[in-house]
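What follows is one structure encoded as structure tokens, with my remarks underneath.
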Amino acid sequence: MFTAPEKEMVGDRARLFGPPPAFDPSTSTLIFGDEDAVLVDTLATVAEAEALADWVALHHRNLTTIYITHGHFDHYSGLSVLLQRFPDARAITTPKSWELMRAQSHLMPLFRKRWPGQLPAQIVLPEAYDDEVFTLEGHELRIIEQGRTDAVDTTS
């Protein structure tokens with residue numbers, strides 16, 4: 001598990017006192033076998049995604065798949081950075097999550113204002129993956145529908 005720390009946001013304070021607005025810590029998970037690996041979620045900023053890519057590389061596995069759990073930008077906006085580092089990896093998500101990503105794409109200018117100069121210049125979406133299972137070294141990894149958690153149609 002890789003954890004990116006809380007990050008400050010540009011914006012008005014909710015209160016006249018206390019810390020500036022911030023975004024909670026985020027995580028990505030690496031599932032690996034003897035030779036290959038699957039990464040779950042890619043974080044938000046370029047710095048986070050680059051640190052994540054360095055961490056994945058430390059495991060000396062072939063990254064075959066990047067799975068995005070749901071359509072919130074902080075789970076997939078670092079995807080272009082990861083795919084640049086691991087160009088043979090296949091990035092996938094469920095069709096419902098892909099639809100949410102597309103539907104919320106109009107929010108990207110707002111996110112860029114909140115984290116100026118920190119988000120990737122190119123936001124890449126994973127492909128919509130219709131199957132309920134993908135594999136890692138012959139082992140099935142099942143996509144489990146969670147329903148609504150912090151987003152609609154969240155999976156694990």
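Here's how to read the names in the structure tokens: chain A, B, ... by the order shown, residue numbers from 1 in each chain, ligand numbers from 1 in the order shown.
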
Original post:
What lies within 10 Å of Glu137 in chain A using only C-alpha atoms, ignoring chain neighbours under 5 positions off, as JSON, numbers by chain?
Top reply: {"A": [32, 33, 34, 35, 36, 37, 64]}

Original post:
Which residues come within 9 Å of range 140-143 of chain A, counting only C-alpha atoms, excluding same-chain residues fewer than 2 positions away, as a list in words?
Top reply: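 That gives Thr69, Thr94, Asp131, Glu132, Val133, Phe134, Thr135, Leu136, Glu137, Gly138, Glu145, Thr155 and Ser156 of chain A.
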
Subject >> Pick from A:Tyr129, A:Phe86, A:Phe111, A:Trp98, whichever lies nearest to Asp54 in chain A using only C-alpha atoms >> reply: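 Of the candidates, the smallest distance to Asp54 in chain A is held by A:Phe86.
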
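Residues with any atom within 9 Å of Gly71 in chain A, counting only C-alpha atoms and excluding same-chain neighbours fewer than 3 positions away, are A:Ile68, A:Asp74, A:His75, A:Tyr76, A:Thr93, A:Lys96, A:Ser97, A:Trp98, A:Glu99, A:Leu100, A:Met101, A:Arg102, A:Gln104, A:Ala151, A:Val152, A:Asp153, A:Thr154.
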
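CA of Glu127 in chain A to CA of Ala51 in chain A spans 23.5 Å [interatomic distance, one decimal].
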
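Counting only C-alpha atoms, the residue from A:Arg90, A:Arg85, A:His139, A:Arg114 that sits nearest to Val56 in chain A is A:Arg85.
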
Original post:
Which residues, written as a PyMOL selection string, have at least one atom at most 7 Å from Val124 in chain A, with only C-alpha atoms counted and residues fewer than 6 positions away on the same chain left out?
Top reply: chain A and resi 77+79-80

**OP:** Based on DSSP run over this structure's backbone, return all residues of range 5-143 of chain A in alpha helix (DSSP H), as a PyMOL selection string.
**Re:** chain A and resi 46-57+73-76+79-85+95-103+108-114

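Residues of range 83-133 of chain A that DSSP, applied to the backbone, places in strand (DSSP E): Arg90, Ala91, Ile92, Thr93, Glu127, Ala128 and Val133 of chain A.
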
Keeping only N, CA, C and O atoms, write the selected residues to a file as a compact mmCIF listing (two decimals), in the first residue's frame.
```
# COMPACT_ATOMS: atom_id res chain seq x y z
N ARG A 90 -2.00 -2.20 -19.05
CA ARG A 90 -3.35 -1.96 -19.54
C ARG A 90 -4.14 -1.30 -18.42
O ARG A 90 -4.21 -1.84 -17.30
N ALA A 91 -4.72 -0.14 -18.68
CA ALA A 91 -5.50 0.58 -17.68
C ALA A 91 -6.98 0.29 -17.90
O ALA A 91 -7.50 0.52 -18.99
N ILE A 92 -7.66 -0.20 -16.83
CA ILE A 92 -9.06 -0.58 -16.95
C ILE A 92 -9.88 -0.07 -15.78
O ILE A 92 -9.35 0.22 -14.70
N THR A 93 -11.17 0.03 -16.01
CA THR A 93 -12.16 0.35 -14.99
C THR A 93 -13.50 -0.20 -15.45
O THR A 93 -13.63 -0.63 -16.61
N GLU A 127 -9.59 2.28 -20.02
CA GLU A 127 -10.62 1.73 -20.89
C GLU A 127 -11.74 1.13 -20.04
O GLU A 127 -11.51 0.66 -18.93
N ALA A 128 -12.95 1.20 -20.57
CA ALA A 128 -14.09 0.56 -19.92
C ALA A 128 -13.95 -0.95 -20.12
O ALA A 128 -13.84 -1.42 -21.26
N VAL A 133 -13.82 -10.11 -14.11
CA VAL A 133 -12.59 -10.74 -13.65
C VAL A 133 -11.44 -10.34 -14.58
O VAL A 133 -11.63 -10.21 -15.78
```

**OP:** Please indicate the distance in Å from CA of Ala14 in chain A to CA of Val46 in chain A, rounded to one decimal place.
**Re:** 26.6 Å

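Proximity to Asn62 in chain A was assessed for A:Met108, A:Ala89, A:Leu82, A:Ala103 counting only C-alpha atoms; the smallest distance is recorded for A:Ala89.
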
Contacts of Ala53 in chain A at 12 Å or less, counting only C-alpha atoms, minus same-chain residues fewer than 4 places along, as an mmCIF file with N, CA, C and O atoms, in the first residue's frame?
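Below you can see around15.cif, which holds the result:
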```cif
data_model
loop_
_atom_site.group_PDB
_atom_site.id
_atom_site.type_symbol
_atom_site.label_atom_id
_atom_site.label_comp_id
_atom_site.auth_asym_id
_atom_site.auth_seq_id
_atom_site.Cartn_x
_atom_site.Cartn_y
_atom_site.Cartn_z
ATOM 1 N N PHE A 2 0.600 2.151 -0.898
ATOM 2 C CA PHE A 2 1.335 3.414 -0.996
ATOM 3 C C PHE A 2 0.379 4.521 -0.572
ATOM 4 O O PHE A 2 -0.742 4.605 -1.082
ATOM 5 N N SER A 28 -2.842 3.914 -2.972
ATOM 6 C CA SER A 28 -2.817 2.989 -4.100
ATOM 7 C C SER A 28 -2.302 1.664 -3.564
ATOM 8 O O SER A 28 -1.520 1.638 -2.611
ATOM 9 N N THR A 29 -2.723 0.591 -4.195
ATOM 10 C CA THR A 29 -2.332 -0.748 -3.751
ATOM 11 C C THR A 29 -1.661 -1.489 -4.890
ATOM 12 O O THR A 29 -2.141 -1.444 -6.030
ATOM 13 N N LEU A 30 -0.572 -2.173 -4.585
ATOM 14 C CA LEU A 30 0.115 -3.015 -5.554
ATOM 15 C C LEU A 30 -0.112 -4.468 -5.161
ATOM 16 O O LEU A 30 0.188 -4.876 -4.043
ATOM 17 N N LEU A 39 -1.653 -2.641 -10.314
ATOM 18 C CA LEU A 39 -1.744 -1.451 -9.475
ATOM 19 C C LEU A 39 -3.199 -1.027 -9.398
ATOM 20 O O LEU A 39 -3.892 -0.978 -10.417
ATOM 21 N N ASP A 41 -5.512 2.052 -8.556
ATOM 22 C CA ASP A 41 -5.618 3.514 -8.455
ATOM 23 C C ASP A 41 -4.260 4.203 -8.626
ATOM 24 O O ASP A 41 -3.217 3.617 -8.346
ATOM 25 N N THR A 42 -4.309 5.472 -9.106
ATOM 26 C CA THR A 42 -3.069 6.142 -9.518
ATOM 27 C C THR A 42 -2.789 7.491 -8.857
ATOM 28 O O THR A 42 -1.851 8.162 -9.255
ATOM 29 N N LEU A 43 -3.617 7.900 -7.904
ATOM 30 C CA LEU A 43 -3.439 9.165 -7.205
ATOM 31 C C LEU A 43 -3.719 10.352 -8.132
ATOM 32 O O LEU A 43 -4.165 10.172 -9.259
ATOM 33 N N VAL A 46 0.981 15.062 -10.268
ATOM 34 C CA VAL A 46 2.173 14.544 -10.950
ATOM 35 C C VAL A 46 3.181 14.034 -9.924
ATOM 36 O O VAL A 46 3.724 12.936 -10.068
ATOM 37 N N ALA A 47 3.431 14.811 -8.882
ATOM 38 C CA ALA A 47 4.412 14.403 -7.865
ATOM 39 C C ALA A 47 4.003 13.091 -7.199
ATOM 40 O O ALA A 47 4.843 12.210 -6.986
ATOM 41 N N GLU A 48 2.717 12.959 -6.881
ATOM 42 C CA GLU A 48 2.249 11.714 -6.263
ATOM 43 C C GLU A 48 2.406 10.546 -7.223
ATOM 44 O O GLU A 48 2.880 9.472 -6.840
ATOM 45 N N ALA A 49 2.005 10.737 -8.479
ATOM 46 C CA ALA A 49 2.076 9.657 -9.467
ATOM 47 C C ALA A 49 3.525 9.269 -9.760
ATOM 48 O O ALA A 49 3.833 8.091 -9.951
ATOM 49 N N ALA A 57 8.276 0.522 -9.241
ATOM 50 C CA ALA A 57 9.522 0.038 -9.843
ATOM 51 C C ALA A 57 10.414 -0.664 -8.818
ATOM 52 O O ALA A 57 11.127 -1.616 -9.163
ATOM 53 N N LEU A 58 10.367 -0.240 -7.566
ATOM 54 C CA LEU A 58 11.174 -0.874 -6.514
ATOM 55 C C LEU A 58 10.814 -2.343 -6.299
ATOM 56 O O LEU A 58 11.620 -3.101 -5.763
ATOM 57 N N HIS A 59 9.622 -2.749 -6.729
ATOM 58 C CA HIS A 59 9.173 -4.128 -6.539
ATOM 59 C C HIS A 59 9.651 -5.069 -7.652
ATOM 60 O O HIS A 59 9.424 -6.274 -7.569
ATOM 61 N N HIS A 60 10.271 -4.514 -8.689
ATOM 62 C CA HIS A 60 10.872 -5.309 -9.764
ATOM 63 C C HIS A 60 9.895 -6.326 -10.352
ATOM 64 O O HIS A 60 10.216 -7.502 -10.502
ATOM 65 N N ARG A 61 8.692 -5.847 -10.683
ATOM 66 C CA ARG A 61 7.681 -6.679 -11.328
ATOM 67 C C ARG A 61 7.241 -5.996 -12.612
ATOM 68 O O ARG A 61 7.359 -4.779 -12.761
ATOM 69 N N LEU A 63 4.489 -4.492 -14.564
ATOM 70 C CA LEU A 63 3.150 -3.954 -14.297
ATOM 71 C C LEU A 63 2.272 -4.239 -15.513
ATOM 72 O O LEU A 63 2.459 -3.652 -16.576
ATOM 73 N N ILE A 66 -3.426 -1.677 -14.619
ATOM 74 C CA ILE A 66 -3.745 -0.619 -13.666
ATOM 75 C C ILE A 66 -5.263 -0.596 -13.579
ATOM 76 O O ILE A 66 -5.940 -0.371 -14.581
ATOM 77 N N GLY A 78 -3.600 10.607 -12.188
ATOM 78 C CA GLY A 78 -2.175 10.297 -12.351
ATOM 79 C C GLY A 78 -1.891 9.217 -13.376
ATOM 80 O O GLY A 78 -0.734 8.851 -13.598
ATOM 81 N N LEU A 79 -2.938 8.726 -14.045
ATOM 82 C CA LEU A 79 -2.775 7.598 -14.971
ATOM 83 C C LEU A 79 -1.784 7.882 -16.096
ATOM 84 O O LEU A 79 -0.974 7.021 -16.440
ATOM 85 N N SER A 80 -1.805 9.077 -16.674
ATOM 86 C CA SER A 80 -0.881 9.367 -17.777
ATOM 87 C C SER A 80 0.576 9.248 -17.335
ATOM 88 O O SER A 80 1.423 8.774 -18.091
ATOM 89 N N VAL A 81 0.866 9.632 -16.102
ATOM 90 C CA VAL A 81 2.229 9.538 -15.569
ATOM 91 C C VAL A 81 2.630 8.068 -15.443
ATOM 92 O O VAL A 81 3.738 7.678 -15.831
ATOM 93 N N LEU A 82 1.722 7.245 -14.925
ATOM 94 C CA LEU A 82 2.024 5.814 -14.757
ATOM 95 C C LEU A 82 2.185 5.132 -16.113
ATOM 96 O O LEU A 82 3.077 4.302 -16.290
ATOM 97 N N LEU A 83 1.325 5.464 -17.063
ATOM 98 C CA LEU A 83 1.425 4.831 -18.384
ATOM 99 C C LEU A 83 2.672 5.270 -19.139
ATOM 100 O O LEU A 83 3.207 4.512 -19.949
ATOM 101 N N GLN A 84 3.150 6.477 -18.877
ATOM 102 C CA GLN A 84 4.408 6.911 -19.492
ATOM 103 C C GLN A 84 5.560 6.065 -18.953
ATOM 104 O O GLN A 84 6.450 5.674 -19.697
ATOM 105 N N ARG A 85 5.524 5.767 -17.679
ATOM 106 C CA ARG A 85 6.576 4.975 -17.035
ATOM 107 C C ARG A 85 6.438 3.482 -17.350
ATOM 108 O O ARG A 85 7.429 2.775 -17.471
ATOM 109 N N PHE A 86 5.173 3.011 -17.463
ATOM 110 C CA PHE A 86 4.893 1.595 -17.714
ATOM 111 C C PHE A 86 3.975 1.476 -18.940
ATOM 112 O O PHE A 86 2.783 1.188 -18.810
ATOM 113 N N PRO A 87 4.515 1.722 -20.128
ATOM 114 C CA PRO A 87 3.677 1.813 -21.333
ATOM 115 C C PRO A 87 2.989 0.511 -21.729
ATOM 116 O O PRO A 87 2.007 0.554 -22.492
#
```

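When only C-alpha atoms are used to compute distances to Ile123 in chain A, the closest of the residues A:Ile31, A:Leu16, A:Ala44, A:Ala4 turns out to be A:Ala44.
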
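A straight line drawn from CA of Glu8 in chain A to CA of Leu110 in chain A is 14.5 Å long.
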
Original post:
Near Phe23 in chain A, within 10 Å and counting only C-alpha atoms, which residues show up once chain neighbours fewer than 2 positions away are dropped, as a ChimeraX atom specification?
Top reply: /A:5-9,21,25-26,74,114

Original post:
Between A:Pro126, A:Phe73, A:Gly147, A:Arg112, which has the minimum distance to Pro95 in chain A (counting only C-alpha atoms)?
Top reply: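 Of the candidates, the smallest distance to Pro95 in chain A is held by A:Pro126.
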
Original post:
Which of these residues is nearest to Leu119 in chain A, using only C-alpha atoms: A:Thr65, A:Ser105, A:Thr45, A:Thr149?
Top reply: A:Thr45
